[in-house]
Amino acid sequence: MTREKGIILAARLISMAFTPFYLPTVGLVALFMFSYMSQMPWSYKFQLLTMVYLLTVVVPSVLIHFYRRHQGWSLIDLGQKERRAVPYVISILCYFLCIYLMELLHIPHFMMTIVTAALFIQITCAMINVWWKISTHTAAIGGVAGALFVFAEFFGFNPIWWLSLTFILAGILGTSRMILRQHSLAQVIAGFFVGAVCAIIGILFL
């Protein structure tokens, strides 16, 4: 394997590992680690994380995969701005379903704000995508940074190491998206800031 092929393979693996859908799961894990919610029973936390992971990661990923295969598109083809509308709709509907089920199960509101903030990011990126292609990958990790900032203020912990790790991962992920020629530098940076701002607004006000 040549060096160039190795770099492209690494970029693809990083893009696959850090799917845009992981924000709700990561946000809930952070809540369970840094807040009073860490005292909740493990069985309750596991069941909630499993439900959120299935509805916000597994289901949209599988449905988008089948849609892409049905259209005969590669992952690169699906990255074109004009072809991202249906995947956005699929993910948004899955997030709405997750919030609806959390309402039915009377999940505490603050937990629901994590999924609501992620939904807000998805909707905002979908609206921007009508005119300009923006990176949902970096929007998701920007959302993680925004959520960490809010949680640190609410629960009084020092987020510096977690934020530093998030920024490093954001740099690696953004570089990977540019290596794969899916986004420009402006689209990667804009995605991060859109995700961070939407997460802060979503958690504080929605």
# chains A, B, ... in the order shown; residues from 1 in each chain; ligands from 1

$ closest_atom_pairs --of "region 5-111 of chain A" --to "region 179-200 of chain A" --cutoff "10 Å" --atoms "only C-alpha atoms" --output "JSON lines"
{"residue": "A:Ile7", "atom": "CA", "partner": "A:Ile179", "partner_atom": "CA", "distance": 8.2}
{"residue": "A:Ile8", "atom": "CA", "partner": "A:Leu180", "partner_atom": "CA", "distance": 6.7}
{"residue": "A:Leu9", "atom": "CA", "partner": "A:Leu180", "partner_atom": "CA", "distance": 9.3}
{"residue": "A:Ala10", "atom": "CA", "partner": "A:Ile179", "partner_atom": "CA", "distance": 9.8}
{"residue": "A:Ala11", "atom": "CA", "partner": "A:Ile179", "partner_atom": "CA", "distance": 6.8}
{"residue": "A:Arg12", "atom": "CA", "partner": "A:Leu180", "partner_atom": "CA", "distance": 7.4}
{"residue": "A:Ser15", "atom": "CA", "partner": "A:Leu180", "partner_atom": "CA", "distance": 9.3}
{"residue": "A:Leu23", "atom": "CA", "partner": "A:Ala199", "partner_atom": "CA", "distance": 9.7}
{"residue": "A:Leu75", "atom": "CA", "partner": "A:Gln182", "partner_atom": "CA", "distance": 9.9}
{"residue": "A:Ile76", "atom": "CA", "partner": "A:Gln182", "partner_atom": "CA", "distance": 7.4}
{"residue": "A:Asp77", "atom": "CA", "partner": "A:Gln182", "partner_atom": "CA", "distance": 9.7}
{"residue": "A:Leu78", "atom": "CA", "partner": "A:Gln182", "partner_atom": "CA", "distance": 9.9}
{"residue": "A:Gly79", "atom": "CA", "partner": "A:Gln182", "partner_atom": "CA", "distance": 6.4}
{"residue": "A:Gln80", "atom": "CA", "partner": "A:Gln182", "partner_atom": "CA", "distance": 8.0}
{"residue": "A:Lys81", "atom": "CA", "partner": "A:Gln182", "partner_atom": "CA", "distance": 9.8}

$ select_by_dssp --residues "region 37-190 of chain A" --states "alpha helix (DSSP H)" --output "PyMOL selection string"
chain A and resi 42-53+59-71+75-78+85-104+109-129+136-155+160-179+185-190

$ residues_around --residues "region 85-94 of chain A" --least-positions-apart "3" --cutoff "12 Å" --atoms "only C-alpha atoms" --output "PyMOL selection string"
chain A and resi 19-22+51-68+71+75+78-82+97-101+115-131+133+136

$ residues_around --residues "region 162-172 of chain A" --least-positions-apart "3" --cutoff "8 Å" --atoms "only C-alpha atoms" --output "compact mmCIF listing (two decimals) with C-alpha atoms, in the first residue's frame"
# COMPACT_ATOMS: atom_id res chain seq x y z
CA THR A 138 -17.52 18.59 12.42
CA ILE A 141 -18.04 17.24 17.31
CA GLY A 142 -18.65 20.97 17.64
CA VAL A 144 -19.81 17.88 21.83
CA ALA A 145 -17.63 20.92 22.59
CA LEU A 148 -19.15 20.16 27.47
CA PRO A 159 -13.59 20.78 31.15
CA THR A 175 -8.55 17.08 8.08
CA SER A 176 -9.91 13.67 7.14
CA PHE A 192 -17.78 23.05 14.04

$ residues_around --residues "Val29 (chain A)" --least-positions-apart "4" --cutoff "12 Å" --atoms "only C-alpha atoms" --output "number ranges by chain"
A: 22-25, 33-35, 37-38, 42, 45-46, 48-50, 52-53, 111, 114, 144, 147-148, 151

$ decode --residues "region 35-47 of chain A" --atoms "N, CA, C and O atoms" --output "PDB file, in the first residue's frame"
ATOM      1  N   SER A  35     -22.452  14.534  36.334  1.00  0.00           N
ATOM      2  CA  SER A  35     -23.562  15.137  37.061  1.00  0.00           C
ATOM      3  C   SER A  35     -24.090  14.187  38.133  1.00  0.00           C
ATOM      4  O   SER A  35     -23.622  13.054  38.278  1.00  0.00           O
ATOM      5  N   TYR A  36     -25.086  14.665  38.860  1.00  0.00           N
ATOM      6  CA  TYR A  36     -25.741  13.831  39.870  1.00  0.00           C
ATOM      7  C   TYR A  36     -26.377  12.595  39.257  1.00  0.00           C
ATOM      8  O   TYR A  36     -26.694  11.631  39.966  1.00  0.00           O
ATOM      9  N   MET A  37     -26.573  12.601  37.923  1.00  0.00           N
ATOM     10  CA  MET A  37     -27.182  11.459  37.253  1.00  0.00           C
ATOM     11  C   MET A  37     -26.278  10.224  37.288  1.00  0.00           C
ATOM     12  O   MET A  37     -26.711   9.129  36.938  1.00  0.00           O
ATOM     13  N   SER A  38     -25.025  10.420  37.714  1.00  0.00           N
ATOM     14  CA  SER A  38     -24.127   9.268  37.872  1.00  0.00           C
ATOM     15  C   SER A  38     -24.638   8.328  38.962  1.00  0.00           C
ATOM     16  O   SER A  38     -24.240   7.155  39.010  1.00  0.00           O
ATOM     17  N   GLN A  39     -25.523   8.827  39.846  1.00  0.00           N
ATOM     18  CA  GLN A  39     -26.068   8.002  40.924  1.00  0.00           C
ATOM     19  C   GLN A  39     -27.224   7.117  40.467  1.00  0.00           C
ATOM     20  O   GLN A  39     -27.680   6.262  41.227  1.00  0.00           O
ATOM     21  N   MET A  40     -27.682   7.317  39.257  1.00  0.00           N
ATOM     22  CA  MET A  40     -28.788   6.498  38.763  1.00  0.00           C
ATOM     23  C   MET A  40     -28.351   5.050  38.574  1.00  0.00           C
ATOM     24  O   MET A  40     -27.160   4.778  38.344  1.00  0.00           O
ATOM     25  N   PRO A  41     -29.284   4.105  38.662  1.00  0.00           N
ATOM     26  CA  PRO A  41     -28.934   2.689  38.499  1.00  0.00           C
ATOM     27  C   PRO A  41     -28.306   2.428  37.128  1.00  0.00           C
ATOM     28  O   PRO A  41     -28.715   3.011  36.120  1.00  0.00           O
ATOM     29  N   TRP A  42     -27.330   1.532  37.103  1.00  0.00           N
ATOM     30  CA  TRP A  42     -26.665   1.192  35.845  1.00  0.00           C
ATOM     31  C   TRP A  42     -27.637   0.621  34.828  1.00  0.00           C
ATOM     32  O   TRP A  42     -27.509   0.867  33.631  1.00  0.00           O
ATOM     33  N   SER A  43     -28.606  -0.149  35.323  1.00  0.00           N
ATOM     34  CA  SER A  43     -29.561  -0.754  34.393  1.00  0.00           C
ATOM     35  C   SER A  43     -30.376   0.318  33.670  1.00  0.00           C
ATOM     36  O   SER A  43     -30.614   0.217  32.457  1.00  0.00           O
ATOM     37  N   TYR A  44     -30.768   1.371  34.393  1.00  0.00           N
ATOM     38  CA  TYR A  44     -31.536   2.469  33.789  1.00  0.00           C
ATOM     39  C   TYR A  44     -30.678   3.205  32.770  1.00  0.00           C
ATOM     40  O   TYR A  44     -31.143   3.482  31.644  1.00  0.00           O
ATOM     41  N   LYS A  45     -29.442   3.510  33.132  1.00  0.00           N
ATOM     42  CA  LYS A  45     -28.547   4.231  32.219  1.00  0.00           C
ATOM     43  C   LYS A  45     -28.259   3.393  30.982  1.00  0.00           C
ATOM     44  O   LYS A  45     -28.232   3.929  29.856  1.00  0.00           O
ATOM     45  N   PHE A  46     -28.062   2.105  31.168  1.00  0.00           N
ATOM     46  CA  PHE A  46     -27.768   1.226  30.031  1.00  0.00           C
ATOM     47  C   PHE A  46     -28.954   1.152  29.079  1.00  0.00           C
ATOM     48  O   PHE A  46     -28.788   1.236  27.856  1.00  0.00           O
ATOM     49  N   GLN A  47     -30.156   1.013  29.619  1.00  0.00           N
ATOM     50  CA  GLN A  47     -31.354   0.934  28.777  1.00  0.00           C
ATOM     51  C   GLN A  47     -31.571   2.230  28.001  1.00  0.00           C
ATOM     52  O   GLN A  47     -31.897   2.205  26.811  1.00  0.00           O
TER      53      GLN A  47
END
